[in-house]
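J.: Following this line is input_20.csv, made up of CSV, C-alpha atoms:
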chain,number,residue,atom,x,y,z
A,1,MET,CA,11.3,27.6,9.7
A,2,ALA,CA,11.8,23.9,9.0
A,3,SER,CA,12.7,23.0,5.4
A,4,SER,CA,10.7,20.3,3.5
A,5,PRO,CA,12.2,16.8,3.4
A,6,PHE,CA,11.0,16.6,-0.2
A,7,PRO,CA,13.5,17.7,-2.8
A,8,PRO,CA,12.8,21.1,-4.3
A,9,LYS,CA,12.2,21.4,-8.0
A,10,ASN,CA,15.3,20.5,-10.0
A,11,SER,CA,17.2,19.7,-6.9
A,12,MET,CA,18.4,16.4,-8.4
A,13,THR,CA,19.7,18.1,-11.5
A,14,ASP,CA,21.4,20.7,-9.4
A,15,ARG,CA,23.0,18.1,-7.2
A,16,ARG,CA,24.4,16.2,-10.2
A,17,GLU,CA,26.1,19.3,-11.5
A,18,LYS,CA,28.8,18.5,-8.9
A,19,PRO,CA,31.5,16.4,-10.8
A,20,ASP,CA,31.9,13.9,-8.0
A,21,ASP,CA,28.2,13.1,-7.7
A,22,LYS,CA,27.2,11.9,-11.1
A,23,PRO,CA,24.3,9.4,-11.3
A,24,LYS,CA,25.3,5.8,-11.7
A,25,GLY,CA,21.9,4.3,-11.9
A,26,THR,CA,18.8,4.5,-14.0
A,27,ILE,CA,17.6,8.0,-14.5
A,28,ARG,CA,13.8,8.5,-15.0
A,29,PRO,CA,11.7,11.7,-15.6
A,30,THR,CA,8.8,12.3,-13.3
A,31,PRO,CA,5.5,14.0,-13.9
A,32,ASP,CA,6.7,16.9,-11.6
A,33,GLY,CA,9.4,17.9,-14.1
A,34,ILE,CA,12.4,16.6,-12.1
A,35,GLU,CA,14.6,13.5,-12.8
A,36,ILE,CA,15.3,10.9,-10.3
A,37,ASP,CA,18.1,8.3,-9.9
A,38,LEU,CA,16.5,4.9,-9.4
A,39,ARG,CA,20.0,3.4,-8.8
A,40,ASP,CA,19.5,-0.4,-9.4
A,41,PRO,CA,15.7,-0.8,-10.0
A,42,LEU,CA,15.7,-4.5,-9.3
A,43,ILE,CA,17.5,-4.2,-5.9
A,44,ALA,CA,15.2,-1.2,-5.1
A,45,GLY,CA,12.1,-3.3,-6.0
A,46,VAL,CA,13.3,-6.2,-3.8
A,47,PHE,CA,14.0,-3.9,-0.9
A,48,ALA,CA,10.6,-2.3,-1.3
A,49,TRP,CA,8.9,-5.6,-1.1
A,50,LEU,CA,10.9,-6.8,1.9
A,51,TRP,CA,10.2,-3.7,3.9
A,52,PRO,CA,7.8,-1.0,2.6
A,53,GLY,CA,9.7,2.2,1.9
A,54,ALA,CA,13.2,0.5,2.1
A,55,GLY,CA,13.5,0.6,-1.7
A,56,HIS,CA,13.1,4.3,-1.7
A,57,LEU,CA,15.5,4.8,1.2
A,58,TYR,CA,18.1,2.8,-0.9
A,59,GLN,CA,17.4,5.2,-3.7
A,60,ARG,CA,17.9,8.2,-1.3
A,61,ARG,CA,14.2,9.2,-1.8
A,62,TYR,CA,14.0,9.5,1.9
A,63,ALA,CA,10.7,11.4,2.2
A,64,LYS,CA,8.7,9.1,0.0
A,65,GLY,CA,10.3,6.1,1.7
A,66,MET,CA,9.2,7.4,5.1
A,67,LEU,CA,5.7,8.2,3.7
A,68,PHE,CA,5.3,4.6,2.3
A,69,MET,CA,6.7,3.1,5.5
A,70,VAL,CA,4.3,5.0,7.8
A,71,CYS,CA,1.2,4.6,5.6
A,72,ILE,CA,1.7,0.9,4.6
A,73,LEU,CA,3.2,-0.5,7.8
A,74,GLY,CA,0.8,1.7,9.9
A,75,THR,CA,-2.1,0.2,8.0
A,76,PHE,CA,-0.8,-3.4,8.3
A,77,PHE,CA,0.1,-3.2,12.0
A,78,PHE,CA,-3.2,-1.4,12.8
A,79,GLY,CA,-5.0,-4.3,11.2
A,80,LEU,CA,-2.8,-6.8,12.9
A,81,VAL,CA,-3.6,-5.3,16.3
A,82,LEU,CA,-7.3,-4.9,15.5
A,83,GLY,CA,-7.5,-8.6,14.7
A,84,GLU,CA,-5.3,-9.6,17.7
A,85,GLY,CA,-2.8,-11.1,15.4
A,86,LYS,CA,-5.3,-13.7,14.0
A,87,VAL,CA,-6.0,-12.3,10.6
A,88,VAL,CA,-2.6,-12.9,8.9
A,89,TYR,CA,-1.9,-16.6,8.3
A,90,ALA,CA,-0.9,-18.5,5.2
A,91,SER,CA,-2.8,-21.8,5.2
A,92,GLN,CA,-6.5,-22.6,5.5
A,93,PHE,CA,-6.2,-24.8,8.6
A,94,ARG,CA,-3.4,-26.6,10.5
A,95,ASP,CA,-5.6,-29.7,10.0
A,96,SER,CA,-5.2,-29.8,6.2
A,97,SER,CA,-8.0,-32.4,5.9
A,98,GLN,CA,-10.5,-29.7,6.7
A,99,ALA,CA,-9.3,-27.2,4.1
A,100,TYR,CA,-11.6,-26.4,1.2
A,101,PRO,CA,-11.3,-28.6,-1.9
A,102,GLY,CA,-8.3,-27.5,-4.0
A,103,TRP,CA,-6.9,-25.4,-1.1
A,104,GLN,CA,-5.3,-28.1,1.0
A,105,GLY,CA,-1.7,-27.0,0.3
A,106,LYS,CA,0.6,-24.9,2.4
A,107,LEU,CA,0.4,-21.1,1.7
A,108,SER,CA,-2.9,-21.6,0.1
A,109,ARG,CA,-5.0,-19.0,1.8
A,110,TRP,CA,-6.1,-16.4,-0.8
A,111,PRO,CA,-6.0,-13.2,1.4
A,112,PHE,CA,-2.4,-14.1,2.2
A,113,ALA,CA,-1.5,-13.7,-1.5
A,114,MET,CA,-2.2,-10.0,-0.9
A,115,GLN,CA,-1.0,-9.7,2.7
A,116,ILE,CA,2.4,-11.1,1.6
A,117,GLY,CA,2.8,-7.9,-0.4
A,118,VAL,CA,4.2,-6.2,2.8
A,119,GLY,CA,7.2,-8.6,2.8
A,120,LEU,CA,9.0,-9.4,6.0
A,121,PRO,CA,6.3,-8.3,8.4
A,122,ALA,CA,4.1,-11.1,7.0
A,123,MET,CA,6.8,-13.7,7.0
A,124,PRO,CA,6.1,-15.2,10.4
A,125,ALA,CA,2.9,-16.5,8.8
A,126,VAL,CA,4.9,-18.4,6.3
A,127,ALA,CA,7.1,-20.0,9.0
A,128,GLN,CA,4.0,-20.9,11.1
A,129,SER,CA,2.3,-22.4,8.1
A,130,LEU,CA,5.3,-24.5,7.2
A,131,VAL,CA,6.1,-25.8,10.7
A,132,SER,CA,2.7,-26.2,12.4
A,133,THR,CA,0.4,-29.1,11.6
A,134,LYS,CA,-2.5,-30.8,13.2
A,135,ASP,CA,0.0,-32.6,15.6
A,136,ALA,CA,2.6,-29.9,15.9
A,137,PRO,CA,1.3,-26.9,17.9
A,138,PRO,CA,2.3,-23.5,16.6
A,139,LYS,CA,5.2,-21.5,18.1
A,140,PHE,CA,5.2,-18.0,19.6
A,141,ASN,CA,1.8,-18.4,21.3
A,142,GLY,CA,0.1,-19.0,17.9
A,143,PHE,CA,1.1,-15.6,16.4
A,144,MET,CA,0.2,-15.6,12.7
A,145,ALA,CA,-0.6,-19.4,12.9
A,146,PRO,CA,-3.5,-20.9,11.0
A,147,PRO,CA,-6.5,-22.0,13.0
A,148,LEU,CA,-6.6,-25.8,13.8
A,149,ASP,CA,-9.9,-26.3,12.1
A,150,ARG,CA,-13.2,-24.6,11.2
A,151,ALA,CA,-14.4,-24.7,14.8
A,152,GLU,CA,-11.4,-22.6,15.9
A,153,LEU,CA,-11.9,-20.2,13.0
A,154,ASN,CA,-15.6,-19.8,13.8
A,155,GLN,CA,-14.6,-19.1,17.4
A,156,TRP,CA,-12.2,-16.3,16.3
A,157,ASN,CA,-15.0,-14.8,14.2
A,158,LYS,CA,-17.3,-15.0,17.1
A,159,ASP,CA,-14.9,-13.4,19.5
A,160,LEU,CA,-13.8,-10.6,17.2
A,161,GLY,CA,-17.1,-10.0,15.4
A,162,THR,CA,-16.8,-7.4,12.6
A,163,ARG,CA,-13.3,-6.5,13.8
A,164,TYR,CA,-12.1,-9.7,12.2
A,165,ASP,CA,-13.3,-8.5,8.8
A,166,LEU,CA,-12.0,-4.9,9.3
A,167,ALA,CA,-8.6,-6.2,10.4
A,168,LEU,CA,-8.5,-8.5,7.4
A,169,LEU,CA,-9.3,-5.6,5.1
A,170,TYR,CA,-6.6,-3.4,6.6
A,171,THR,CA,-3.9,-6.1,6.2
A,172,VAL,CA,-5.0,-7.0,2.7
A,173,ILE,CA,-5.0,-3.3,1.6
A,174,ALA,CA,-1.6,-2.7,3.1
A,175,GLY,CA,-0.2,-5.6,1.1
A,176,LEU,CA,-1.8,-4.3,-2.1
A,177,LEU,CA,-0.6,-0.8,-1.5
A,178,ASN,CA,2.9,-2.0,-1.2
A,179,TRP,CA,2.7,-3.4,-4.8
A,180,LEU,CA,2.2,0.2,-5.9
A,181,ALA,CA,5.2,1.3,-3.8
A,182,ILE,CA,7.3,-1.5,-5.3
A,183,TYR,CA,6.4,-0.3,-8.8
A,184,ASP,CA,7.3,3.2,-7.8
A,185,ALA,CA,10.7,2.1,-6.5
A,186,ALA,CA,11.4,0.0,-9.6
A,187,ALA,CA,10.1,2.4,-12.3
A,188,GLY,CA,9.5,5.8,-10.7
A,189,PRO,CA,6.2,7.6,-10.5
A,190,ALA,CA,3.6,6.5,-13.0
A,191,PHE,CA,2.5,9.1,-15.5
A,192,SER,CA,-1.2,9.7,-15.5
A,193,GLU,CA,-1.0,11.3,-18.9
A,194,PRO,CA,1.7,11.5,-21.6
A,195,ALA,CA,4.7,13.1,-20.1
A,196,ASP,CA,6.0,14.7,-23.1
A,197,GLU,CA,3.9,15.5,-26.1
A,198,LYS,CA,5.9,14.7,-29.2
A,199,SER,CA,5.3,16.7,-32.3
A,200,LYS,CA,5.2,15.4,-35.8
A,201,ASP,CA,8.9,16.1,-36.3
A,202,GLY,CA,9.8,13.9,-33.4
A,203,LYS,CA,10.9,16.8,-31.1
A,204,SER,CA,9.2,17.4,-27.8
A,205,LYS,CA,7.9,20.7,-26.6
A,206,ASP,CA,10.7,21.0,-24.1
A,207,ASP,CA,13.3,20.3,-26.8
A,208,LYS,CA,11.9,23.1,-28.9
A,209,ASP,CA,12.0,25.4,-25.9
A,210,GLY,CA,15.6,24.4,-25.1
A,211,LYS,CA,14.6,23.2,-21.6
A,212,THR,CA,16.0,19.7,-21.9
A,213,LYS,CA,19.1,19.3,-19.8
A,214,GLU,CA,22.0,16.9,-20.2
A,215,LEU,CA,22.2,14.5,-17.3
A,216,ALA,CA,25.7,13.3,-17.5
B,1,MET,CA,-30.9,12.2,14.8
B,2,ILE,CA,-30.7,8.4,15.0
B,3,LEU,CA,-28.7,8.5,11.7
B,4,ILE,CA,-26.2,11.0,13.2
B,5,ALA,CA,-25.9,9.0,16.4
B,6,GLY,CA,-25.4,5.8,14.4
B,7,ILE,CA,-22.6,7.5,12.3
B,8,LEU,CA,-20.9,8.8,15.5
B,9,ASN,CA,-20.8,5.3,17.0
B,10,SER,CA,-20.3,3.5,13.8
B,11,GLN,CA,-17.3,1.4,12.6
B,12,LEU,CA,-17.3,3.7,9.6
B,13,TRP,CA,-14.6,5.7,11.5
B,14,HIS,CA,-12.3,2.8,10.6
B,15,LEU,CA,-12.5,4.1,7.0
B,16,VAL,CA,-10.7,7.4,7.9
B,17,PRO,CA,-7.2,6.1,8.4
B,18,LEU,CA,-7.7,3.7,5.5
B,19,ILE,CA,-8.8,6.4,3.1
B,20,LEU,CA,-5.9,8.6,4.2
B,21,ALA,CA,-3.3,5.9,3.7
B,22,VAL,CA,-4.7,4.8,0.3
B,23,SER,CA,-4.8,8.4,-0.9
B,24,LEU,CA,-1.3,9.3,0.2
B,25,VAL,CA,0.2,6.1,-1.2
B,26,TYR,CA,-1.6,6.5,-4.5
B,27,GLY,CA,-0.6,10.1,-4.7
B,28,ALA,CA,3.0,9.3,-3.9
B,29,THR,CA,3.0,6.7,-6.8
B,30,ARG,CA,2.1,9.5,-9.2
B,31,HIS,CA,4.3,12.3,-8.1
B,32,GLU,CA,7.7,13.0,-6.5
B,33,LEU,CA,7.2,16.3,-4.8
B,34,LEU,CA,5.2,16.9,-1.6
B,35,SER,CA,2.8,19.5,-2.9
B,36,PRO,CA,1.6,17.5,-5.9
B,37,ILE,CA,1.4,14.4,-3.7
B,38,LEU,CA,-0.9,16.2,-1.2
B,39,HIS,CA,-2.9,17.7,-4.0
B,40,HIS,CA,-3.4,14.3,-5.7
B,41,ALA,CA,-4.2,12.7,-2.3
B,42,TRP,CA,-6.8,15.3,-1.5
B,43,LYS,CA,-8.5,14.8,-4.9
B,44,THR,CA,-8.5,11.0,-4.2
B,45,VAL,CA,-10.1,11.5,-0.8
B,46,VAL,CA,-12.8,13.7,-2.2
B,47,TRP,CA,-13.4,11.2,-5.1
B,48,MET,CA,-13.7,8.2,-2.7
B,49,LEU,CA,-15.9,10.0,-0.2
B,50,THR,CA,-18.2,11.3,-3.0
B,51,PHE,CA,-18.4,7.8,-4.5
B,52,MET,CA,-19.3,6.2,-1.2
B,53,GLY,CA,-21.6,9.1,-0.3
B,54,VAL,CA,-23.6,8.5,-3.5
B,55,ILE,CA,-23.9,4.8,-2.8
B,56,PHE,CA,-24.9,5.6,0.8
B,57,ALA,CA,-27.5,8.1,-0.3
B,58,ALA,CA,-29.0,5.7,-2.9
B,59,LEU,CA,-29.2,2.9,-0.3
B,60,PHE,CA,-30.6,5.3,2.3
B,61,VAL,CA,-33.4,6.4,-0.1
B,62,LEU,CA,-34.1,2.8,-1.1
B,63,SER,CA,-34.4,1.8,2.5
B,64,PHE,CA,-37.6,3.8,2.8
B,65,TRP,CA,-39.3,1.3,0.5
B,66,LEU,CA,-37.9,-1.8,2.2
Here is a file; write its structure as structure tokens.

T.:
Amino acid sequence: MASSPFPPKNSMTDRREKPDDKPKGTIRPTPDGIEIDLRDPLIAGVFAWLWPGAGHLYQRRYAKGMLFMVCILGTFFFGLVLGEGKVVYASQFRDSSQAYPGWQGKLSRWPFAMQIGVGLPAMPAVAQSLVSTKDAPPKFNGFMAPPLDRAELNQWNKDLGTRYDLALLYTVIAGLLNWLAIYDAAAGPAFSEPADEKSKDGKSKDDKDGKTKELA
Amino acid sequence: MILIAGILNSQLWHLVPLILAVSLVYGATRHELLSPILHHAWKTVVWMLTFMGVIFAALFVLSFWL
């Protein structure tokens, strides 16, 4: 019978009982009653943004890292394929004179503010937006390049139909989901309710029961 | 019958992987262990489907007067 890749209850505590494996990072409780070592939360957060799930792999939370990677990247790339690579781009148009008022600048397309949440997989759009202009054709067969003008954007919508909107939705949601994963990498699982009810004397229920364990 | 045929051929099926991904990621940001993650994800799936089902039913009923 295959064992679960997720840590069993109290596995982190048990592992740290070995003298040569003491935690060196930030220790946080979780709603499931175990404590996790976030290592360096800032580095984990940056890794989690650059590549969904990478922050958790850095923290040795392998199962959650793989779950985030599969779910978020799967959603993003499914949307990318569904939209034939045309739904992720960073500027309104390569011909900036056709952009909507107030949105003429580079990296000014509002859905991209959410798509960039997946980090590196959306970065080709940044490069395309910075190098391609009205006179400079985009590289790599136009992958993640902005449309030249409104006529080209209209043609994309005509060719893809509702698939364009669905694909945009997928990539935007993937980016937004990764913000949740980044938070989880930097701060641990969020508590839906108070984790530890404090009594009037300042002691928690677990303290009274003698359940609290020394971490170091 | 037309409604069922419409649903079977509908782009609504694109919602299935989206709901699964959103539920699993949301559950994973609230828990650390597999069992609570799956339990939370299931509750989120049911909540979202119920929410959309209520809206669908309301619009479906309203459509008889349109």

J.: Pull the closest atom pair for each residue of chain A that gets at most 7 Å from chain B, along with the distance in Å to one decimal, counting all atoms listed in the file, ordering rows by chain and then ascending residue number, as JSON lines.

T.:
{"residue": "A:Phe6", "atom": "CA", "partner": "B:Leu33", "partner_atom": "CA", "distance": 6.0}
{"residue": "A:Pro7", "atom": "CA", "partner": "B:Leu33", "partner_atom": "CA", "distance": 6.8}
{"residue": "A:Thr30", "atom": "CA", "partner": "B:His31", "partner_atom": "CA", "distance": 6.9}
{"residue": "A:Pro31", "atom": "CA", "partner": "B:His31", "partner_atom": "CA", "distance": 6.2}
{"residue": "A:Asp32", "atom": "CA", "partner": "B:His31", "partner_atom": "CA", "distance": 6.3}
{"residue": "A:Lys64", "atom": "CA", "partner": "B:Ala28", "partner_atom": "CA", "distance": 6.9}
{"residue": "A:Phe68", "atom": "CA", "partner": "B:Val25", "partner_atom": "CA", "distance": 6.4}
{"residue": "A:Cys71", "atom": "CA", "partner": "B:Ala21", "partner_atom": "CA", "distance": 5.1}
{"residue": "A:Leu177", "atom": "CA", "partner": "B:Val25", "partner_atom": "CA", "distance": 7.0}
{"residue": "A:Leu180", "atom": "CA", "partner": "B:Thr29", "partner_atom": "CA", "distance": 6.6}
{"residue": "A:Ala181", "atom": "CA", "partner": "B:Thr29", "partner_atom": "CA", "distance": 6.6}
{"residue": "A:Asp184", "atom": "CA", "partner": "B:Thr29", "partner_atom": "CA", "distance": 5.6}
{"residue": "A:Pro189", "atom": "CA", "partner": "B:Arg30", "partner_atom": "CA", "distance": 4.7}
{"residue": "A:Ala190", "atom": "CA", "partner": "B:Arg30", "partner_atom": "CA", "distance": 5.1}
{"residue": "A:Phe191", "atom": "CA", "partner": "B:Arg30", "partner_atom": "CA", "distance": 6.3}

J.: With C-alpha atoms retained, write the just-selected residues as a compact mmCIF listing (two decimals), in the frame of the given file.

T.:
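Saved the output as result_4.txt:
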# COMPACT_ATOMS: atom_id res chain seq x y z
CA PHE A 6 11.00 16.60 -0.20
CA PRO A 7 13.50 17.70 -2.80
CA THR A 30 8.80 12.30 -13.30
CA PRO A 31 5.50 14.00 -13.90
CA ASP A 32 6.70 16.90 -11.60
CA LYS A 64 8.70 9.10 0.00
CA PHE A 68 5.30 4.60 2.30
CA CYS A 71 1.20 4.60 5.60
CA LEU A 177 -0.60 -0.80 -1.50
CA LEU A 180 2.20 0.20 -5.90
CA ALA A 181 5.20 1.30 -3.80
CA ASP A 184 7.30 3.20 -7.80
CA PRO A 189 6.20 7.60 -10.50
CA ALA A 190 3.60 6.50 -13.00
CA PHE A 191 2.50 9.10 -15.50

J.: Extract, using all atoms listed in the file, all DNA, RNA and protein residues at most 8 Å from stretch 126-137 of chain A, discarding same-chain residues fewer than 6 positions from it, and format them as a PyMOL selection string.

T.: chain A and resi 89-91+94-96+106-107+144-146+148

J.: Between atom CA of B:Asn9 and atom CA of A:Leu176, what distance in Å does the model show, to one decimal?

T.: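 Separation between atom CA of B:Asn9 and atom CA of A:Leu176: 28.6 Å.
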
J.: As an exercise, work out the distance from atom CA of A:Phe140 to atom CA of A:Trp179 in Å and give it to one decimal place.

T.: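 Distance reported for this atom pair: 28.5 Å.
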
J.: Rounded to one decimal in Å, what is the spacing between atom CA of A:Ile173 and atom CA of A:Pro111?

T.: 10.0 Å

J.: Pick out the closest residue to A:Gly142 from this set: A:Val70, A:Val87, A:Trp110, A:Ile43. Count all atoms listed in the file.

T.: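 For A:Gly142, the nearest of the given residues is A:Val87.
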
J.: Which of these, A:Asp149, A:Leu67, A:Asp37, A:Ser192, has the shortest distance to B:Leu38 once you count all atoms listed in the file?

T.: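 Closest to B:Leu38, using all atoms listed in the file: A:Leu67.
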
J.: When distances are computed from all atoms listed in the file, which of B:Val61, B:Ala5, B:Leu12, B:Ile19 shows the smallest separation from B:Leu49?

T.: B:Ile19

J.: List the neighbours of A:Val118 out to 7 Å using all atoms listed in the file; skip same-chain residues closer than 4 positions along the sequence, and give me the result as a list of chain:residue names.

T.: A:Trp49, A:Leu50, A:Trp51, A:Pro52, A:Ala122, A:Ala174, A:Gly175, A:Asn178
